[in-house]
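Engineer: Dropping in input.txt, which is compact mmCIF, C-alpha atoms:
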# COMPACT_ATOMS: atom_id res chain seq x y z
CA MET A 127 -66.50 -169.44 -50.21
CA THR A 128 -67.78 -172.78 -51.41
CA THR A 129 -65.24 -175.07 -53.01
CA THR A 130 -67.08 -175.55 -56.29
CA ALA A 131 -64.93 -175.06 -59.36
CA ILE A 132 -64.27 -171.58 -60.75
CA PRO A 133 -66.18 -171.18 -64.03
CA ALA A 134 -64.21 -171.23 -67.25
CA GLU A 135 -63.70 -167.81 -68.82
CA TRP A 136 -65.79 -168.76 -71.86
CA ALA A 137 -68.86 -169.26 -69.63
CA SER A 138 -71.39 -166.42 -69.65
CA HIS A 139 -70.55 -163.25 -67.67
CA ARG A 140 -72.88 -160.84 -65.96
CA ALA A 141 -70.17 -158.15 -65.98
CA MET A 142 -66.51 -157.50 -66.78
CA TRP A 143 -64.28 -155.34 -64.59
CA VAL A 144 -61.57 -153.33 -66.35
CA GLY A 145 -58.92 -151.07 -64.80
CA TRP A 146 -58.57 -147.52 -66.16
CA PRO A 147 -55.02 -146.05 -66.40
CA SER A 148 -55.27 -143.30 -63.80
CA HIS A 149 -51.78 -142.44 -62.56
CA ALA A 150 -49.65 -140.14 -64.71
CA GLU A 151 -46.71 -140.63 -62.37
CA LEU A 152 -46.64 -144.34 -63.26
CA TRP A 153 -47.46 -144.23 -66.97
CA GLU A 154 -45.67 -140.97 -67.81
CA GLU A 155 -45.63 -140.48 -71.62
CA ASN A 156 -47.59 -143.72 -72.08
CA LEU A 157 -50.62 -142.57 -70.07
CA GLU A 158 -52.65 -141.23 -72.99
CA PRO A 159 -51.68 -144.08 -75.36
CA ALA A 160 -52.60 -146.63 -72.68
CA GLN A 161 -55.92 -144.90 -72.08
CA ALA A 162 -56.62 -145.00 -75.81
CA GLU A 163 -55.93 -148.75 -75.91
CA VAL A 164 -58.11 -149.42 -72.86
CA GLU A 165 -60.87 -147.28 -74.38
CA ALA A 166 -60.77 -149.44 -77.53
CA LEU A 167 -61.00 -152.56 -75.37
CA VAL A 168 -63.95 -151.21 -73.37
CA ARG A 169 -65.83 -150.18 -76.51
CA ALA A 170 -65.27 -153.64 -78.01
CA LEU A 171 -66.45 -155.35 -74.83
CA ALA A 172 -69.56 -153.16 -74.56
CA GLY A 173 -70.74 -154.00 -78.06
CA PRO A 174 -74.33 -155.21 -78.57
CA GLY A 175 -75.05 -158.43 -76.70
CA ARG A 176 -71.67 -158.46 -74.98
CA GLU A 177 -70.51 -157.22 -71.60
CA THR A 178 -71.65 -154.84 -68.93
CA VAL A 179 -68.31 -153.17 -68.29
CA LYS A 180 -67.45 -151.91 -64.82
CA LEU A 181 -64.57 -149.51 -65.34
CA LEU A 182 -62.62 -149.03 -62.12
CA VAL A 183 -60.93 -145.62 -61.96
CA GLY A 184 -58.14 -145.50 -59.41
CA LYS A 185 -57.76 -141.79 -58.72
CA ASN A 186 -60.30 -139.07 -58.02
CA ASP A 187 -58.87 -136.57 -60.51
CA ALA A 188 -59.22 -139.11 -63.34
CA LEU A 189 -62.89 -139.80 -62.69
CA ALA A 190 -64.60 -136.95 -64.56
CA GLU A 191 -62.52 -137.45 -67.70
CA ALA A 192 -63.27 -141.19 -67.71
CA ARG A 193 -67.00 -140.56 -67.35
CA ALA A 194 -66.95 -138.02 -70.17
CA ARG A 195 -65.01 -140.38 -72.43
CA PHE A 196 -67.61 -143.14 -72.14
CA ALA A 197 -70.75 -140.99 -71.91
CA ASP A 198 -71.82 -142.17 -75.36
CA VAL A 199 -71.38 -145.89 -74.63
CA ASP A 200 -74.26 -147.96 -73.27
CA GLY A 201 -73.25 -150.68 -70.86
CA VAL A 202 -70.26 -148.95 -69.26
CA GLU A 203 -70.41 -148.14 -65.55
CA VAL A 204 -67.56 -145.93 -64.35
CA VAL A 205 -66.71 -146.86 -60.75
CA ASP A 206 -64.84 -144.60 -58.34
CA GLY A 207 -62.16 -146.65 -56.59
CA ARG A 208 -58.56 -146.68 -55.48
CA PHE A 209 -55.75 -148.85 -56.76
CA GLY A 210 -52.02 -148.73 -57.21
CA ASP A 211 -52.38 -149.68 -60.88
CA ILE A 212 -54.75 -151.34 -63.32
CA TRP A 213 -53.87 -155.04 -62.97
CA LEU A 214 -57.25 -156.17 -61.63
CA ARG A 215 -56.71 -159.79 -62.68
CA ASP A 216 -54.05 -160.01 -59.97
CA THR A 217 -55.37 -157.67 -57.28
CA GLY A 218 -59.11 -158.25 -57.61
CA PRO A 219 -61.19 -161.17 -56.33
CA ILE A 220 -61.78 -164.44 -58.16
CA PHE A 221 -65.54 -164.92 -58.53
CA GLY A 222 -67.16 -168.30 -58.02
CA SER A 223 -70.08 -169.89 -59.84
CA GLY A 224 -72.90 -167.46 -60.50
CA SER A 225 -70.89 -164.75 -58.71
CA ARG A 226 -72.51 -165.91 -55.49
CA SER A 227 -69.14 -165.77 -53.76
CA ALA A 228 -65.63 -164.50 -54.35
CA ALA A 229 -62.16 -165.33 -53.06
CA ALA A 230 -59.51 -162.82 -52.03
CA PHE A 231 -55.85 -163.42 -51.35
CA ARG A 232 -52.93 -161.55 -49.88
CA PHE A 233 -51.07 -159.45 -52.43
CA ASN A 234 -47.41 -158.46 -52.11
CA GLY A 235 -46.68 -156.66 -55.38
CA TRP A 236 -45.58 -159.69 -57.40
CA GLY A 237 -43.01 -160.85 -54.89
CA GLY A 238 -42.21 -157.39 -53.53
CA LYS A 239 -41.32 -155.82 -56.88
CA TYR A 240 -44.10 -153.22 -57.12
CA GLU A 241 -45.91 -152.61 -53.85
CA LEU A 242 -48.29 -149.71 -54.46
CA GLU A 243 -50.82 -148.07 -52.15
CA HIS A 244 -54.39 -149.46 -52.34
CA ASP A 245 -53.58 -152.56 -54.43
CA ASP A 246 -54.18 -154.75 -51.38
CA THR A 247 -57.72 -153.29 -51.06
CA VAL A 248 -58.92 -153.84 -54.64
CA ALA A 249 -60.57 -157.21 -53.96
CA THR A 250 -62.57 -155.67 -51.11
CA GLN A 251 -63.68 -152.74 -53.26
CA ILE A 252 -64.77 -154.89 -56.19
CA SER A 253 -66.64 -157.43 -54.07
CA ALA A 254 -68.44 -154.63 -52.22
CA ALA A 255 -69.40 -152.88 -55.48
CA SER A 256 -70.61 -156.21 -56.89
CA VAL A 257 -72.47 -157.09 -53.66
CA VAL A 258 -70.73 -160.47 -53.48
CA PRO A 259 -69.62 -162.07 -50.20
CA LEU A 260 -65.83 -162.25 -49.98
CA THR A 261 -63.80 -165.04 -48.41
CA ARG A 262 -60.26 -164.06 -47.46
CA ASN A 263 -57.44 -166.56 -47.78
CA ASP A 264 -54.24 -166.13 -45.80
CA PHE A 265 -51.73 -166.80 -48.55
CA ILE A 266 -50.30 -164.81 -51.44
CA LEU A 267 -51.78 -165.37 -54.89
CA GLU A 268 -52.43 -163.40 -58.08
CA GLY A 269 -55.31 -164.32 -60.36
CA GLY A 270 -53.13 -164.25 -63.48
CA ALA A 271 -51.04 -167.07 -62.03
CA LEU A 272 -53.93 -169.48 -62.64
CA ASP A 273 -56.18 -170.56 -65.50
CA HIS A 274 -59.39 -172.55 -65.01
CA ASP A 275 -61.28 -175.07 -67.15
CA GLY A 276 -64.58 -174.80 -65.25
CA GLU A 277 -64.35 -178.40 -64.05
CA GLY A 278 -61.82 -177.91 -61.28
CA VAL A 279 -58.60 -178.24 -63.30
CA ILE A 280 -56.14 -175.38 -62.82
CA LEU A 281 -53.08 -174.54 -64.90
CA THR A 282 -50.16 -172.76 -63.24
CA THR A 283 -46.37 -172.46 -63.34
CA ARG A 284 -43.82 -173.58 -60.80
CA GLN A 285 -41.81 -170.43 -61.50
CA CYS A 286 -44.57 -168.29 -60.01
CA LEU A 287 -46.54 -170.37 -57.54
CA LEU A 288 -43.53 -172.01 -55.91
CA ASN A 289 -41.43 -168.85 -55.93
CA PRO A 290 -40.14 -168.16 -52.39
CA ASN A 291 -40.96 -164.47 -52.87
CA ARG A 292 -44.67 -165.40 -52.48
CA ASN A 293 -45.26 -168.24 -50.04
CA ALA A 294 -41.80 -169.28 -48.90
CA ASP A 295 -42.77 -172.71 -47.55
CA TRP A 296 -44.94 -173.86 -50.45
CA THR A 297 -44.39 -177.19 -52.12
CA GLU A 298 -46.57 -178.55 -54.90
CA ALA A 299 -48.58 -180.45 -52.29
CA LYS A 300 -49.13 -177.38 -50.10
CA ALA A 301 -50.10 -175.26 -53.10
CA GLU A 302 -52.54 -177.90 -54.33
CA ALA A 303 -54.18 -178.14 -50.90
CA ALA A 304 -54.54 -174.36 -50.74
CA LEU A 305 -56.09 -174.18 -54.22
CA ALA A 306 -58.46 -177.05 -53.44
CA GLN A 307 -59.67 -175.34 -50.28
CA SER A 308 -60.00 -171.84 -51.72
CA LEU A 309 -60.95 -172.38 -55.37
CA GLY A 310 -62.30 -175.91 -55.60
CA ALA A 311 -59.30 -177.28 -57.48
CA LYS A 312 -59.58 -180.98 -58.21
CA ARG A 313 -56.37 -181.14 -60.21
CA VAL A 314 -53.44 -178.76 -60.60
CA VAL A 315 -51.37 -179.06 -63.76
CA TRP A 316 -47.85 -177.74 -63.27
CA LEU A 317 -45.94 -176.03 -66.06
CA GLY A 318 -42.36 -174.81 -65.77
CA ASP A 319 -41.14 -171.32 -66.60
CA GLY A 320 -43.06 -168.42 -68.08
CA LEU A 321 -41.88 -165.76 -70.51
CA LEU A 322 -38.46 -164.18 -70.31
CA ASN A 323 -38.35 -160.90 -68.33
CA ASP A 324 -41.93 -161.28 -67.10
CA HIS A 325 -41.95 -159.40 -63.79
CA THR A 326 -44.83 -161.60 -62.59
CA ASP A 327 -42.37 -164.52 -62.42
CA GLY A 328 -44.11 -166.45 -65.16
CA HIS A 329 -47.87 -165.93 -64.93
CA VAL A 330 -49.65 -168.66 -66.83
CA ASP A 331 -52.00 -166.23 -68.58
CA ASN A 332 -49.06 -165.21 -70.77
CA LEU A 333 -48.16 -168.84 -71.49
CA ALA A 334 -51.08 -171.28 -71.64
CA ARG A 335 -54.86 -170.86 -71.57
CA PHE A 336 -57.81 -173.24 -71.48
CA VAL A 337 -59.91 -172.65 -74.60
CA GLY A 338 -62.27 -175.62 -74.23
CA PRO A 339 -62.74 -178.87 -72.32
CA ALA A 340 -59.33 -180.63 -72.22
CA LEU A 341 -58.15 -178.13 -74.86
CA VAL A 342 -55.29 -175.71 -74.12
CA ALA A 343 -53.70 -173.01 -76.26
CA CYS A 344 -50.02 -172.19 -75.94
CA PRO A 345 -47.63 -170.24 -78.17
CA ILE A 346 -45.33 -171.37 -80.92
CA ALA A 347 -42.35 -169.18 -81.75
CA PHE A 348 -42.76 -166.69 -84.56
CA GLY A 349 -39.41 -166.04 -86.22
CA THR A 350 -36.03 -167.64 -85.63
CA ASP A 351 -35.05 -165.09 -82.95
CA ASP A 352 -37.99 -165.59 -80.59
CA PRO A 353 -36.34 -165.69 -77.12
CA ASN A 354 -39.11 -167.88 -75.67
CA ALA A 355 -39.03 -170.64 -78.29
CA ALA A 356 -37.73 -173.31 -75.90
CA VAL A 357 -40.18 -172.26 -73.17
CA TYR A 358 -43.10 -172.54 -75.60
CA ASP A 359 -42.06 -175.98 -76.79
CA ALA A 360 -41.54 -177.26 -73.24
CA CYS A 361 -45.00 -175.98 -72.34
CA ALA A 362 -46.60 -177.79 -75.29
CA ARG A 363 -44.83 -181.03 -74.33
CA ASP A 364 -45.93 -180.75 -70.70
CA LEU A 365 -49.53 -180.11 -71.71
CA ALA A 366 -49.60 -183.07 -74.09
CA GLU A 367 -48.07 -185.33 -71.44
CA ALA A 368 -50.76 -184.13 -69.01
CA GLY A 369 -53.41 -185.41 -71.42
CA PHE A 370 -54.58 -182.20 -73.09
CA ARG A 371 -55.15 -181.45 -76.73
CA VAL A 372 -52.89 -178.52 -77.58
CA VAL A 373 -53.49 -175.63 -79.96
CA ARG A 374 -50.33 -173.72 -80.87
CA ILE A 375 -50.87 -169.98 -81.29
CA PRO A 376 -48.15 -167.96 -83.07
CA SER A 377 -46.31 -165.64 -80.69
CA PRO A 378 -45.70 -161.96 -81.51
CA GLY A 379 -42.03 -162.78 -82.07
CA LEU A 380 -39.16 -160.82 -80.60
CA LEU A 381 -40.03 -157.41 -79.17
CA GLU A 382 -37.38 -155.34 -77.42
CA ASP A 383 -37.43 -152.36 -75.08
CA GLU A 384 -35.33 -149.23 -75.49
CA ASP A 385 -32.37 -151.06 -73.94
CA GLY A 386 -32.59 -153.97 -76.37
CA GLU A 387 -34.03 -156.37 -73.78
CA PRO A 388 -36.82 -158.78 -74.80
CA ILE A 389 -40.31 -157.71 -73.69
CA PRO A 390 -42.83 -160.39 -72.52
CA ALA A 391 -45.42 -159.71 -75.24
CA SER A 392 -47.98 -162.48 -75.63
CA HIS A 393 -51.05 -163.15 -77.73
CA MET A 394 -52.06 -165.54 -74.91
CA ASN A 395 -53.20 -162.55 -72.85
CA PHE A 396 -56.41 -162.54 -74.86
CA LEU A 397 -59.69 -161.87 -73.06
CA ILE A 398 -62.67 -164.19 -73.61
CA ALA A 399 -65.83 -162.10 -73.45
CA ASN A 400 -69.50 -162.69 -74.13
CA GLY A 401 -69.61 -163.05 -77.91
CA ALA A 402 -66.00 -162.08 -78.54
CA VAL A 403 -62.34 -162.83 -77.96
CA VAL A 404 -60.16 -159.72 -77.75
CA VAL A 405 -56.57 -160.40 -78.78
CA PRO A 406 -53.67 -158.08 -77.91
CA THR A 407 -51.39 -157.20 -80.80
CA TYR A 408 -47.97 -155.56 -80.79
CA GLY A 409 -47.22 -154.31 -84.29
CA ASN A 410 -46.40 -157.55 -86.10
CA GLU A 411 -49.38 -157.77 -88.43
CA GLU A 412 -48.61 -161.22 -89.82
CA ALA A 413 -48.13 -162.79 -86.39
CA ALA A 414 -51.33 -161.15 -85.13
CA ARG A 415 -53.29 -162.37 -88.17
CA LEU A 416 -52.11 -165.94 -87.69
CA ALA A 417 -52.92 -165.86 -83.98
CA CYS A 418 -56.42 -164.56 -84.67
CA GLU A 419 -57.00 -167.17 -87.35
CA ALA A 420 -56.06 -169.92 -84.90
CA LEU A 421 -58.40 -168.55 -82.23
CA ALA A 422 -61.20 -168.21 -84.79
CA ILE A 423 -61.02 -171.97 -85.36
CA VAL A 424 -61.40 -172.55 -81.62
CA TYR A 425 -64.17 -169.98 -81.21
CA PRO A 426 -66.19 -169.97 -84.46
CA ASP A 427 -69.20 -168.40 -82.73
CA ARG A 428 -67.33 -165.43 -81.23
CA GLU A 429 -65.96 -162.39 -82.98
CA ILE A 430 -62.15 -162.31 -82.86
CA ILE A 431 -61.10 -158.71 -82.25
CA PRO A 432 -57.40 -157.78 -82.54
CA LEU A 433 -56.49 -154.56 -80.72
CA SER A 434 -53.19 -152.82 -80.10
CA SER A 435 -51.69 -153.28 -76.64
CA ASN A 436 -48.21 -151.79 -76.95
CA ALA A 437 -48.77 -148.98 -74.46
CA ILE A 438 -50.48 -151.25 -71.93
CA LEU A 439 -47.58 -153.68 -72.28
CA SER A 440 -45.19 -150.89 -71.27
CA GLY A 441 -46.78 -151.20 -67.82
CA GLY A 442 -46.21 -154.95 -67.71
CA GLY A 443 -49.30 -156.71 -69.05
CA SER A 444 -52.24 -156.68 -71.44
CA PHE A 445 -56.00 -157.14 -71.72
CA HIS A 446 -56.36 -160.23 -69.55
CA CYS A 447 -54.18 -158.68 -66.86
CA ILE A 448 -56.35 -155.56 -66.52
CA SER A 449 -59.71 -157.34 -66.34
CA GLN A 450 -61.74 -159.71 -64.18
CA GLN A 451 -65.08 -161.31 -65.03
CA GLU A 452 -68.18 -161.83 -62.91
CA PRO A 453 -69.68 -165.16 -64.02
CA ALA A 454 -73.43 -165.18 -64.69
Would you write the structure of this file as structure tokens?
Structural biologist:
Amino acid sequence: MTTTAIPAEWASHRAMWVGWPSHAELWEENLEPAQAEVEALVRALAGPGRETVKLLVGKNDALAEARARFADVDGVEVVDGRFGDIWLRDTGPIFGSGSRSAAAFRFNGWGGKYELEHDDTVATQISAASVVPLTRNDFILEGGALDHDGEGVILTTRQCLLNPNRNADWTEAKAEAALAQSLGAKRVVWLGDGLLNDHTDGHVDNLARFVGPALVACPIAFGTDDPNAAVYDACARDLAEAGFRVVRIPSPGLLEDEDGEPIPASHMNFLIANGAVVVPTYGNEEAARLACEALAIVYPDREIIPLSSNAILSGGGSFHCISQQEPA
């Protein structure tokens, strides 16, 4: 792969890959609700003048139902594939400029937490289906651990990229050299910790996102009991000190699982599509409205589309996590 910079997500796409919840044994009672939420996402993405959606189905017995569900939607290609689960942002390739090349990395189930059959083959499947040459890199990396500005600046977190459960010998210098060689990084901006209880060990796409040249969005706590308030404020300080303009996006506030533990819900897992920004919401209507209003200021020429992501979140992520764009 050439070492030109990875395009920013707001650049034009020729297609958008999305993972289809396919494994009842993983999703259990949340399978149908998660499918409904992904269907809403796909239909929003495939709106007039938007994306060609490539929907990757990970199990043969889920294929016919997926094809039937989207038979009435132009611009959706249902692709027969195999994956452990739907998190294509992390398991799929990272496409270069014009989708003339793509980069693949070793994948170890987010530090050995969830190693599922076929996840380490997803990048190969997607690059083959897209007819894009694939360059393999011999280190562990998930796509959601990085965010790109299109000019060679990459955001990431120390909690994830320097975690010994990925590349045990990595220092900042070694990581920066690897990202320069594989993804054309000219500058790596290091943030600290990600969200509490995030099994990805702090992926940056739940914490801070480029939304324009030298412009980065990050959360601000919603409510006095938001468990990530200090993390959000530290992130904003680090970004400002690194020379960025910072847009604070209200968080969803405190969400808890059935055991009363905070869940890593984030409006930052929005997906920037051709003509739209799709924002995950989690039941707090006021927080979601404020987040969408902030993003509408940043993207006045794109439709801001809030969609429920509670069931998808039960699997560990949201819209950005289950997708991967092919730049035009």
Engineer: Report, in Å with one decimal, the straight-line distance from CA of Leu157 in chain A to CA of Arg176 in chain A.
Structural biologist: 26.8 Å
Engineer: Nearest residue to Gly238 in chain A out of A:Pro290, A:Gly270, A:Gly175, A:Gly224, using only C-alpha atoms?
Structural biologist: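 Looking only at the distances to Gly238 in chain A, the closest residue turns out to be A:Pro290.
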Engineer: Would you kindly return, as number ranges by chain, each protein, DNA or RNA residue with an atom no farther than 10 Å from any atom of Leu380 in chain A, considering only C-alpha atoms and excluding same-chain residues fewer than 5 positions away?
Structural biologist: A: 347-354, 387-391, 410
Engineer: Please measure the separation of CA of Arg195 in chain A and CA of Trp213 in chain A, giving the value in Å to one decimal.
Structural biologist: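 Answer for the CA of Arg195 in chain A to CA of Trp213 in chain A separation: 20.7 Å.
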Engineer: Rank nothing, just name the residue among A:Ala150, A:Cys286, A:Ala437, A:Leu309 nearest to Asp383 in chain A, using only C-alpha atoms.
Structural biologist: A:Ala437
Engineer: Give, as JSON, the centre coordinates and the x, y and z edge lengths in Å to one decimal for an axis-aligned box around all listed atoms of range 423-434 of chain A, padded by 6 Å on each side.
Structural biologist:
{"center_x": -61.2, "center_y": -162.7, "center_z": -82.7, "size_x": 28.0, "size_y": 31.7, "size_z": 17.3}
Engineer: Could you state the separation of CA of Gly276 in chain A and CA of Arg140 in chain A in Å, given to one decimal place?
Structural biologist: 16.3 Å
Engineer: In terms of the shortest atom-to-atom distance over all atoms listed in the file, which of A:His446, A:Ala306, A:Ile375, A:Ser435 is closest to Glu419 in chain A?
Structural biologist: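 Under the stated criterion, the closest residue is A:Ile375.
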